[in-house]
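Down below is the structure, laid out as C-alpha cells.
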Amino acid sequence: MKGKVVVVGSFMMDLVVKAERRPKTGETLVGESFGMYIGGKGNNQAIAAARFGSQVHMIGKLGQDSFADQFLDNHKLEGINSDFIIQDPNVGTGVANPFIDVNADNSIIIIPRANMTLTPNAVSLAEKPIAEADVLLLQLEIPIEASKRAAEIAKANGTIIILNPAPAQEIPNDFIQLADILTPNEVETEMLTGIPVTDEKSAKKASQSLIEKGVKIVILTLGGRGAFVAAEGKSQMIPAFNVTPVDTTAAGDSFCGVLAASLAEGLDLDIAVKYANAAGGLAVTKMGAEPSLPLLKDILKLSNGS
C-alpha cells in the first residue's frame with residue numbers, strides 16, 4: 001500500500017541562468033547557459049514524493065496561462081492528484097529566477113504571483129485528503145494562514161506534519177507548535193533562533209531552541225555536511241553522500257519530499273533521513289529543479305553504495 005502525502009505549497013516557473021559569477025552593480029556579463037523548468041518548493045516536493053512511490057495530492061494555486069498548463073500536464077505524467085489546484089484568471093503563475101555560479105551555488109529571486117492568493121478557505125476544501133494523509137508537507141512560498149489551516153486539519157486527524165520553513169522568515173509560534181517535524185537549513189535556522197550553525201555543537205544548540213518552541217523533531221539540512229537530527233533528549237548527524245555538484249536548486253525540496261514519502265511508508269526516522277540525504281545529493285548533480293528530482297531506484301542505489 002502506497003503512503004499518502006499531501007503537499008500544500010507553491011508553483012514557480014524557474015528561469016535559470018548560469019554564469020561564472022554574479023555581476024557587479026551596473027555590470028553586464030555574458031552567461032554560460034539558460035534553461036526554463038517547472039519548480040516551486042511545493043511542486044518540487046510533490047514530484048520528489050511521487051517519484052519515491054507515494055500517492056500524492058498537491059494543493060496550491062496557478063494562473064490561467066501557458067506556464068500553468070505545463071505544471072498540470074507534468075502532474076498527470078507523475079501521477080499527482082491535482083483536484084485541489086486552483087487556477088486564478090486574474091493573477092499569473094509564479095515565476096522564479098535562479099542564478100547558478102561556477103561553484104554550483106545558487107541564489108534565487110521569486111515572484112510568487114498566484115501562490116500568494118491561496119486562502120485558508122481554499123485549503124479547507126481539501127480537508128478530506130489532508131485528514132486521510134499519512135504526512136502533510138508545508139513550506140512558506142504561500143501565505144502562512146493557508147499553511148496553518150492545513151496544519152490545523154492535519155493535527156485534528158493525526159496526520160504527521162512536516163514544516164519546511166523556507167524561504168527564511170519569521171513564523172508565529174502557534175504555527176511552529178503545530179509541526180511534528182521542522183526542516184530548516186542554516187539560513188532558516190539562524191532566522192528562527194538567532195544561532196549561526198557552524199558545527200555540530202551550534203547545531204545541537206539551535207535544534208534545542210526549536211524543540212523548546214514546541215516542535216517534536218528538528219532536522220537541520222546542512223548541505224554537503226548532511227542532516228542533523230534532534231528530538232528531546234537525543235541528537236545525531238547523519239552524513240551526506242559524496243557527489244559532484246552541478247546545480248543545488250531543489251536539493252532541499254528533494255530532501256523534504258523523500259523524507260515525507262519515507263515516513264508515509266512507515267520507515268524509521270533514521271532510514272527516512274538517509275534516503276532524504278541521498279535524494280538531496282542526487283538532485284545537485286543535474287541542472288534545473290524538476291529534471292534533478294531522483295527516482296526511487298537511484299535513491300536506493302546511492303543509499304546502498306552500489
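Following the order of the C-alpha cells, first chain is A, next is B, and so on, with residues numbered from 1 inside each chain and ligands from 1 in the order they appear.
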For Gly266 of chain A: contacts at 9 Å, only C-alpha atoms, fewer than 5 positions along chain excluded, given as a list in words
Gly3, Asp134 and Ala261 of chain A
Please save N, CA and C atoms of the selected residues as a PDB file, in the first residue's frame.
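Contents of result-v4.pdb, freshly written:
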ATOM      1  N   GLY A   3       2.096   4.980   0.692  1.00  0.00           N
ATOM      2  CA  GLY A   3       1.882   6.024   1.674  1.00  0.00           C
ATOM      3  C   GLY A   3       1.222   7.227   1.024  1.00  0.00           C
ATOM      4  N   ASP A 134      -1.046  10.308   5.376  1.00  0.00           N
ATOM      5  CA  ASP A 134      -0.078   9.892   6.389  1.00  0.00           C
ATOM      6  C   ASP A 134       0.808  11.068   6.786  1.00  0.00           C
ATOM      7  N   ALA A 261       7.770  11.103   1.992  1.00  0.00           N
ATOM      8  CA  ALA A 261       7.364   9.837   1.392  1.00  0.00           C
ATOM      9  C   ALA A 261       7.840   8.640   2.209  1.00  0.00           C
TER      10      ALA A 261
END
Within 9 Å of segment 286-294 of chain A, counting only C-alpha atoms, which residues qualify if same-chain residues fewer than 4 places away don't, as number ranges by chain?
A: 14, 16, 35-40, 43-45, 47-48, 51-52, 245-251, 253-254, 279-280, 282, 298-299
Next, write the just-selected residues to a file, as a PDB file, in the first residue's frame, keeping N, CA and C atoms as the atom set.
ATOM      1  N   ASP A  14      10.738  28.246 -13.220  1.00  0.00           N
ATOM      2  CA  ASP A  14      12.128  28.651 -12.986  1.00  0.00           C
ATOM      3  C   ASP A  14      12.800  29.060 -14.293  1.00  0.00           C
ATOM      4  N   VAL A  16      16.270  29.829 -15.319  1.00  0.00           N
ATOM      5  CA  VAL A  16      17.573  29.585 -14.698  1.00  0.00           C
ATOM      6  C   VAL A  16      18.706  30.127 -15.566  1.00  0.00           C
ATOM      7  N   GLY A  35      18.018  27.957 -18.917  1.00  0.00           N
ATOM      8  CA  GLY A  35      17.027  26.890 -19.001  1.00  0.00           C
ATOM      9  C   GLY A  35      15.727  27.309 -18.328  1.00  0.00           C
ATOM     10  N   MET A  36      14.618  26.724 -18.753  1.00  0.00           N
ATOM     11  CA  MET A  36      13.318  27.006 -18.140  1.00  0.00           C
ATOM     12  C   MET A  36      12.740  25.679 -17.658  1.00  0.00           C
ATOM     13  N   TYR A  37      12.434  25.605 -16.362  1.00  0.00           N
ATOM     14  CA  TYR A  37      11.985  24.356 -15.748  1.00  0.00           C
ATOM     15  C   TYR A  37      10.826  24.639 -14.792  1.00  0.00           C
ATOM     16  N   ILE A  38       9.898  23.694 -14.688  1.00  0.00           N
ATOM     17  CA  ILE A  38       8.868  23.859 -13.665  1.00  0.00           C
ATOM     18  C   ILE A  38       9.514  23.680 -12.288  1.00  0.00           C
ATOM     19  N   GLY A  39       9.081  24.495 -11.329  1.00  0.00           N
ATOM     20  CA  GLY A  39       9.665  24.450  -9.998  1.00  0.00           C
ATOM     21  C   GLY A  39       8.681  24.960  -8.955  1.00  0.00           C
ATOM     22  N   GLY A  40       9.220  25.614  -7.934  1.00  0.00           N
ATOM     23  CA  GLY A  40       8.436  25.986  -6.761  1.00  0.00           C
ATOM     24  C   GLY A  40       8.610  24.929  -5.699  1.00  0.00           C
ATOM     25  N   ASN A  43       5.725  22.296  -5.490  1.00  0.00           N
ATOM     26  CA  ASN A  43       5.701  21.445  -6.672  1.00  0.00           C
ATOM     27  C   ASN A  43       6.875  20.477  -6.687  1.00  0.00           C
ATOM     28  N   ASN A  44       8.072  20.983  -6.382  1.00  0.00           N
ATOM     29  CA  ASN A  44       9.253  20.111  -6.360  1.00  0.00           C
ATOM     30  C   ASN A  44       9.100  18.988  -5.340  1.00  0.00           C
ATOM     31  N   GLN A  45       8.612  19.339  -4.163  1.00  0.00           N
ATOM     32  CA  GLN A  45       8.466  18.344  -3.094  1.00  0.00           C
ATOM     33  C   GLN A  45       7.409  17.302  -3.447  1.00  0.00           C
ATOM     34  N   ILE A  47       6.639  16.289  -6.502  1.00  0.00           N
ATOM     35  CA  ILE A  47       7.227  15.406  -7.510  1.00  0.00           C
ATOM     36  C   ILE A  47       8.211  14.439  -6.863  1.00  0.00           C
ATOM     37  N   ALA A  48       9.049  14.954  -5.938  1.00  0.00           N
ATOM     38  CA  ALA A  48      10.015  14.094  -5.256  1.00  0.00           C
ATOM     39  C   ALA A  48       9.316  12.963  -4.510  1.00  0.00           C
ATOM     40  N   ARG A  51       7.871  10.420  -7.073  1.00  0.00           N
ATOM     41  CA  ARG A  51       8.899   9.574  -7.690  1.00  0.00           C
ATOM     42  C   ARG A  51       9.438   8.541  -6.704  1.00  0.00           C
ATOM     43  N   PHE A  52       9.304   8.807  -5.419  1.00  0.00           N
ATOM     44  CA  PHE A  52       9.693   7.817  -4.418  1.00  0.00           C
ATOM     45  C   PHE A  52       8.649   6.706  -4.307  1.00  0.00           C
ATOM     46  N   PRO A 245      28.647  18.413  -7.366  1.00  0.00           N
ATOM     47  CA  PRO A 245      27.520  19.327  -7.597  1.00  0.00           C
ATOM     48  C   PRO A 245      27.583  20.037  -8.945  1.00  0.00           C
ATOM     49  N   VAL A 246      26.401  20.192  -9.541  1.00  0.00           N
ATOM     50  CA  VAL A 246      26.237  20.939 -10.781  1.00  0.00           C
ATOM     51  C   VAL A 246      25.312  22.135 -10.546  1.00  0.00           C
ATOM     52  N   ASP A 247      24.240  21.909  -9.787  1.00  0.00           N
ATOM     53  CA  ASP A 247      23.235  22.940  -9.516  1.00  0.00           C
ATOM     54  C   ASP A 247      22.503  22.530  -8.234  1.00  0.00           C
ATOM     55  N   THR A 248      22.588  23.365  -7.197  1.00  0.00           N
ATOM     56  CA  THR A 248      21.988  22.999  -5.912  1.00  0.00           C
ATOM     57  C   THR A 248      20.493  23.316  -5.819  1.00  0.00           C
ATOM     58  N   THR A 249      19.914  23.891  -6.886  1.00  0.00           N
ATOM     59  CA  THR A 249      18.478  24.166  -6.884  1.00  0.00           C
ATOM     60  C   THR A 249      17.691  22.884  -6.635  1.00  0.00           C
ATOM     61  N   ALA A 250      16.717  22.946  -5.727  1.00  0.00           N
ATOM     62  CA  ALA A 250      15.780  21.847  -5.412  1.00  0.00           C
ATOM     63  C   ALA A 250      16.385  20.737  -4.571  1.00  0.00           C
ATOM     64  N   ALA A 251      17.636  20.888  -4.118  1.00  0.00           N
ATOM     65  CA  ALA A 251      18.214  19.846  -3.251  1.00  0.00           C
ATOM     66  C   ALA A 251      17.417  19.713  -1.958  1.00  0.00           C
ATOM     67  N   ASP A 253      14.330  20.633  -1.490  1.00  0.00           N
ATOM     68  CA  ASP A 253      12.985  20.152  -1.814  1.00  0.00           C
ATOM     69  C   ASP A 253      12.992  18.642  -2.037  1.00  0.00           C
ATOM     70  N   SER A 254      14.028  18.160  -2.699  1.00  0.00           N
ATOM     71  CA  SER A 254      14.160  16.716  -2.908  1.00  0.00           C
ATOM     72  C   SER A 254      14.264  16.003  -1.564  1.00  0.00           C
ATOM     73  N   ALA A 279      18.542  11.596  -1.780  1.00  0.00           N
ATOM     74  CA  ALA A 279      17.737  12.344  -2.750  1.00  0.00           C
ATOM     75  C   ALA A 279      18.277  13.753  -2.941  1.00  0.00           C
ATOM     76  N   GLY A 280      18.629  14.411  -1.831  1.00  0.00           N
ATOM     77  CA  GLY A 280      19.197  15.754  -1.923  1.00  0.00           C
ATOM     78  C   GLY A 280      20.522  15.744  -2.657  1.00  0.00           C
ATOM     79  N   LEU A 282      21.552  13.521  -4.962  1.00  0.00           N
ATOM     80  CA  LEU A 282      21.327  13.277  -6.388  1.00  0.00           C
ATOM     81  C   LEU A 282      20.790  14.516  -7.092  1.00  0.00           C
ATOM     82  N   ASP A 298      17.238   5.112  -8.086  1.00  0.00           N
ATOM     83  CA  ASP A 298      18.524   5.808  -7.957  1.00  0.00           C
ATOM     84  C   ASP A 298      18.828   6.169  -6.511  1.00  0.00           C
ATOM     85  N   ILE A 299      17.799   6.496  -5.746  1.00  0.00           N
ATOM     86  CA  ILE A 299      17.979   6.774  -4.319  1.00  0.00           C
ATOM     87  C   ILE A 299      18.452   5.515  -3.602  1.00  0.00           C
TER      88      ILE A 299
END
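Taking only C-alpha atoms into account, Ala122 of chain A lies nearest to A:Val8 out of the set A:Leu296, A:Ile195, A:Val8, A:Ala260.
Using only C-alpha atoms, the smallest distance between any of A:Glu170, A:Asp105, A:Glu152, A:Glu145 and Val284 of chain A comes from A:Asp105.
Minimum atom-to-atom distances from A:Ala96, A:Val6, A:Ala19, A:Ala150 to Glu32 of chain A were compared using only C-alpha atoms, and the lowest value belongs to A:Ala19.
Of note, atom CA of Ala46 of chain A and atom CA of Lys301 of chain A are spaced 21.4 Å apart.
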Do you know which residues are at most 8 Å from Lys4 of chain A counting only C-alpha atoms, after dropping those on the same chain fewer than 4 positions away, and could you put them as a VMD selection string?
chain A and resid 54 to 56 132 to 135 261 264
Could you turn the residues from that selection into a file that holds C-alpha atoms, as a compact mmCIF listing (two decimals), in the first residue's frame?
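Output file part_32.txt is given in full below:
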# COMPACT_ATOMS: atom_id res chain seq x y z
CA SER A 54 3.89 7.87 -2.65
CA GLN A 55 0.30 8.65 -3.51
CA VAL A 56 0.44 12.46 -3.68
CA GLU A 132 -6.65 10.85 5.26
CA ALA A 133 -2.96 11.53 4.55
CA ASP A 134 -0.08 9.89 6.39
CA VAL A 135 2.04 13.05 6.03
CA ALA A 261 7.36 9.84 1.39
CA ALA A 264 4.42 7.92 4.93
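Using only C-alpha atoms, the residues found no farther than 6 Å from Phe228 of chain A, other than those of its own chain fewer than 2 positions away, are Ile219, Leu220, Gln236 and Met237 of chain A.
The gap separating atom CA of Val215 of chain A from atom CA of Val197 of chain A is 18.3 Å, in Å to one decimal.
In terms of minimum interatomic distance to Ser202 of chain A, A:Glu190 ranks closest within A:Pro165, A:Glu190, A:Phe175, A:Ile85, counting only C-alpha atoms.
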Across A:Asn277, A:Glu188, A:Lys155, A:Ser235, the smallest distance to Gly223 of chain A, with only C-alpha atoms counted, is shown by A:Asn277
Strand (DSSP E or B) residues, from DSSP on the backbone, in segment 146-207 of chain A, as a PyMOL selection string:
chain A and resi 160-163+181-182+185
Find the spatial neighbours of Gly305 of chain A, counting only C-alpha atoms, within a cut-off of 12 Å - ignore same-chain residues fewer than 5 positions away - and output them as a PyMOL selection string.
chain A and resi 241-242+274-275+278+298-300
Kindly export the residues of the current selection with C-alpha atoms, as a short mmCIF file (atom, residue, chain, number, x, y, z; two decimals), in the first residue's frame.
data_model
loop_
_atom_site.label_atom_id
_atom_site.label_comp_id
_atom_site.auth_asym_id
_atom_site.auth_seq_id
_atom_site.Cartn_x
_atom_site.Cartn_y
_atom_site.Cartn_z
CA PHE A 241 26.69 11.31 0.28
CA ASN A 242 29.71 12.26 -1.80
CA LYS A 274 19.30 8.58 4.96
CA TYR A 275 17.08 8.27 1.88
CA ALA A 278 20.57 10.54 -0.94
CA ASP A 298 18.52 5.81 -7.96
CA ILE A 299 17.98 6.77 -4.32
CA LEU A 300 18.21 3.13 -3.26
#
As a PyMOL selection string, which residues of segment 74-182 of chain A does DSSP assign to alpha helix (DSSP H)?
chain A and resi 74-78+120-124+127-132+144-156+173-176
For the selection you just gave me, I'd like the residues written to a file as an mmCIF file, in the first residue's frame, keeping N, CA and C atoms.
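Result saved to selection-v4.cif:
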data_model
loop_
_atom_site.group_PDB
_atom_site.id
_atom_site.type_symbol
_atom_site.label_atom_id
_atom_site.label_comp_id
_atom_site.auth_asym_id
_atom_site.auth_seq_id
_atom_site.Cartn_x
_atom_site.Cartn_y
_atom_site.Cartn_z
ATOM 1 N N ASN A 74 2.485 17.996 -16.331
ATOM 2 C CA ASN A 74 3.509 17.239 -15.617
ATOM 3 C C ASN A 74 2.902 16.412 -14.494
ATOM 4 N N HIS A 75 1.942 16.967 -13.780
ATOM 5 C CA HIS A 75 1.316 16.233 -12.678
ATOM 6 C C HIS A 75 0.594 14.983 -13.183
ATOM 7 N N LYS A 76 0.013 15.075 -14.368
ATOM 8 C CA LYS A 76 -0.604 13.880 -14.958
ATOM 9 C C LYS A 76 0.454 12.809 -15.203
ATOM 10 N N LEU A 77 1.595 13.230 -15.730
ATOM 11 C CA LEU A 77 2.677 12.284 -16.009
ATOM 12 C C LEU A 77 3.222 11.652 -14.726
ATOM 13 N N GLU A 78 3.302 12.456 -13.657
ATOM 14 C CA GLU A 78 3.876 11.988 -12.399
ATOM 15 C C GLU A 78 2.862 11.249 -11.529
ATOM 16 N N PRO A 120 -7.058 30.286 3.316
ATOM 17 C CA PRO A 120 -7.437 29.194 4.218
ATOM 18 C C PRO A 120 -8.720 28.492 3.778
ATOM 19 N N ASN A 121 -9.680 29.247 3.246
ATOM 20 C CA ASN A 121 -10.923 28.635 2.787
ATOM 21 C C ASN A 121 -10.683 27.668 1.634
ATOM 22 N N ALA A 122 -9.759 28.025 0.744
ATOM 23 C CA ALA A 122 -9.434 27.135 -0.372
ATOM 24 C C ALA A 122 -8.788 25.853 0.144
ATOM 25 N N VAL A 123 -7.951 25.979 1.151
ATOM 26 C CA VAL A 123 -7.316 24.798 1.748
ATOM 27 C C VAL A 123 -8.357 23.920 2.429
ATOM 28 N N SER A 124 -9.337 24.535 3.067
ATOM 29 C CA SER A 124 -10.378 23.774 3.760
ATOM 30 C C SER A 124 -11.173 22.872 2.812
ATOM 31 N N GLU A 127 -10.039 19.265 2.880
ATOM 32 C CA GLU A 127 -9.970 18.667 4.214
ATOM 33 C C GLU A 127 -9.898 17.146 4.171
ATOM 34 N N LYS A 128 -10.640 16.529 3.276
ATOM 35 C CA LYS A 128 -10.679 15.057 3.229
ATOM 36 C C LYS A 128 -9.308 14.451 2.912
ATOM 37 N N PRO A 129 -8.630 14.849 1.817
ATOM 38 C CA PRO A 129 -7.313 14.253 1.575
ATOM 39 C C PRO A 129 -6.279 14.576 2.646
ATOM 40 N N ILE A 130 -6.359 15.765 3.246
ATOM 41 C CA ILE A 130 -5.417 16.099 4.326
ATOM 42 C C ILE A 130 -5.668 15.186 5.529
ATOM 43 N N ALA A 131 -6.945 15.002 5.879
ATOM 44 C CA ALA A 131 -7.299 14.171 7.032
ATOM 45 C C ALA A 131 -6.905 12.711 6.816
ATOM 46 N N GLU A 132 -6.949 12.247 5.559
ATOM 47 C CA GLU A 132 -6.654 10.850 5.256
ATOM 48 C C GLU A 132 -5.172 10.596 4.977
ATOM 49 N N ILE A 144 1.128 32.193 5.085
ATOM 50 C CA ILE A 144 1.220 31.384 6.298
ATOM 51 C C ILE A 144 -0.163 30.959 6.772
ATOM 52 N N GLU A 145 -1.154 31.820 6.596
ATOM 53 C CA GLU A 145 -2.507 31.495 7.051
ATOM 54 C C GLU A 145 -3.045 30.250 6.339
ATOM 55 N N ALA A 146 -2.715 30.101 5.064
ATOM 56 C CA ALA A 146 -3.167 28.927 4.311
ATOM 57 C C ALA A 146 -2.457 27.666 4.801
ATOM 58 N N SER A 147 -1.137 27.774 5.000
ATOM 59 C CA SER A 147 -0.390 26.616 5.507
ATOM 60 C C SER A 147 -0.859 26.234 6.908
ATOM 61 N N LYS A 148 -1.115 27.236 7.730
ATOM 62 C CA LYS A 148 -1.556 26.972 9.101
ATOM 63 C C LYS A 148 -2.903 26.257 9.109
ATOM 64 N N ARG A 149 -3.802 26.656 8.204
ATOM 65 C CA ARG A 149 -5.106 25.986 8.134
ATOM 66 C C ARG A 149 -4.933 24.505 7.797
ATOM 67 N N ALA A 150 -4.030 24.207 6.867
ATOM 68 C CA ALA A 150 -3.762 22.808 6.528
ATOM 69 C C ALA A 150 -3.216 22.058 7.737
ATOM 70 N N ALA A 151 -2.318 22.702 8.481
ATOM 71 C CA ALA A 151 -1.744 22.074 9.669
ATOM 72 C C ALA A 151 -2.806 21.807 10.730
ATOM 73 N N GLU A 152 -3.745 22.715 10.883
ATOM 74 C CA GLU A 152 -4.817 22.519 11.867
ATOM 75 C C GLU A 152 -5.670 21.311 11.519
ATOM 76 N N ILE A 153 -5.981 21.153 10.224
ATOM 77 C CA ILE A 153 -6.759 19.991 9.784
ATOM 78 C C ILE A 153 -5.976 18.707 10.044
ATOM 79 N N ALA A 154 -4.690 18.732 9.694
ATOM 80 C CA ALA A 154 -3.848 17.550 9.888
ATOM 81 C C ALA A 154 -3.727 17.182 11.356
ATOM 82 N N LYS A 155 -3.506 18.175 12.199
ATOM 83 C CA LYS A 155 -3.336 17.934 13.635
ATOM 84 C C LYS A 155 -4.586 17.283 14.226
ATOM 85 N N ALA A 156 -5.756 17.735 13.783
ATOM 86 C CA ALA A 156 -7.011 17.189 14.305
ATOM 87 C C ALA A 156 -7.259 15.755 13.869
ATOM 88 N N ASN A 173 4.754 31.440 16.638
ATOM 89 C CA ASN A 173 4.975 30.246 17.459
ATOM 90 C C ASN A 173 3.797 29.284 17.411
ATOM 91 N N ASP A 174 2.567 29.818 17.301
ATOM 92 C CA ASP A 174 1.412 28.917 17.292
ATOM 93 C C ASP A 174 1.352 28.089 16.012
ATOM 94 N N PHE A 175 2.030 28.528 14.965
ATOM 95 C CA PHE A 175 2.142 27.728 13.752
ATOM 96 C C PHE A 175 3.264 26.698 13.903
ATOM 97 N N ILE A 176 4.414 27.122 14.404
ATOM 98 C CA ILE A 176 5.537 26.198 14.619
ATOM 99 C C ILE A 176 5.112 25.042 15.519
#
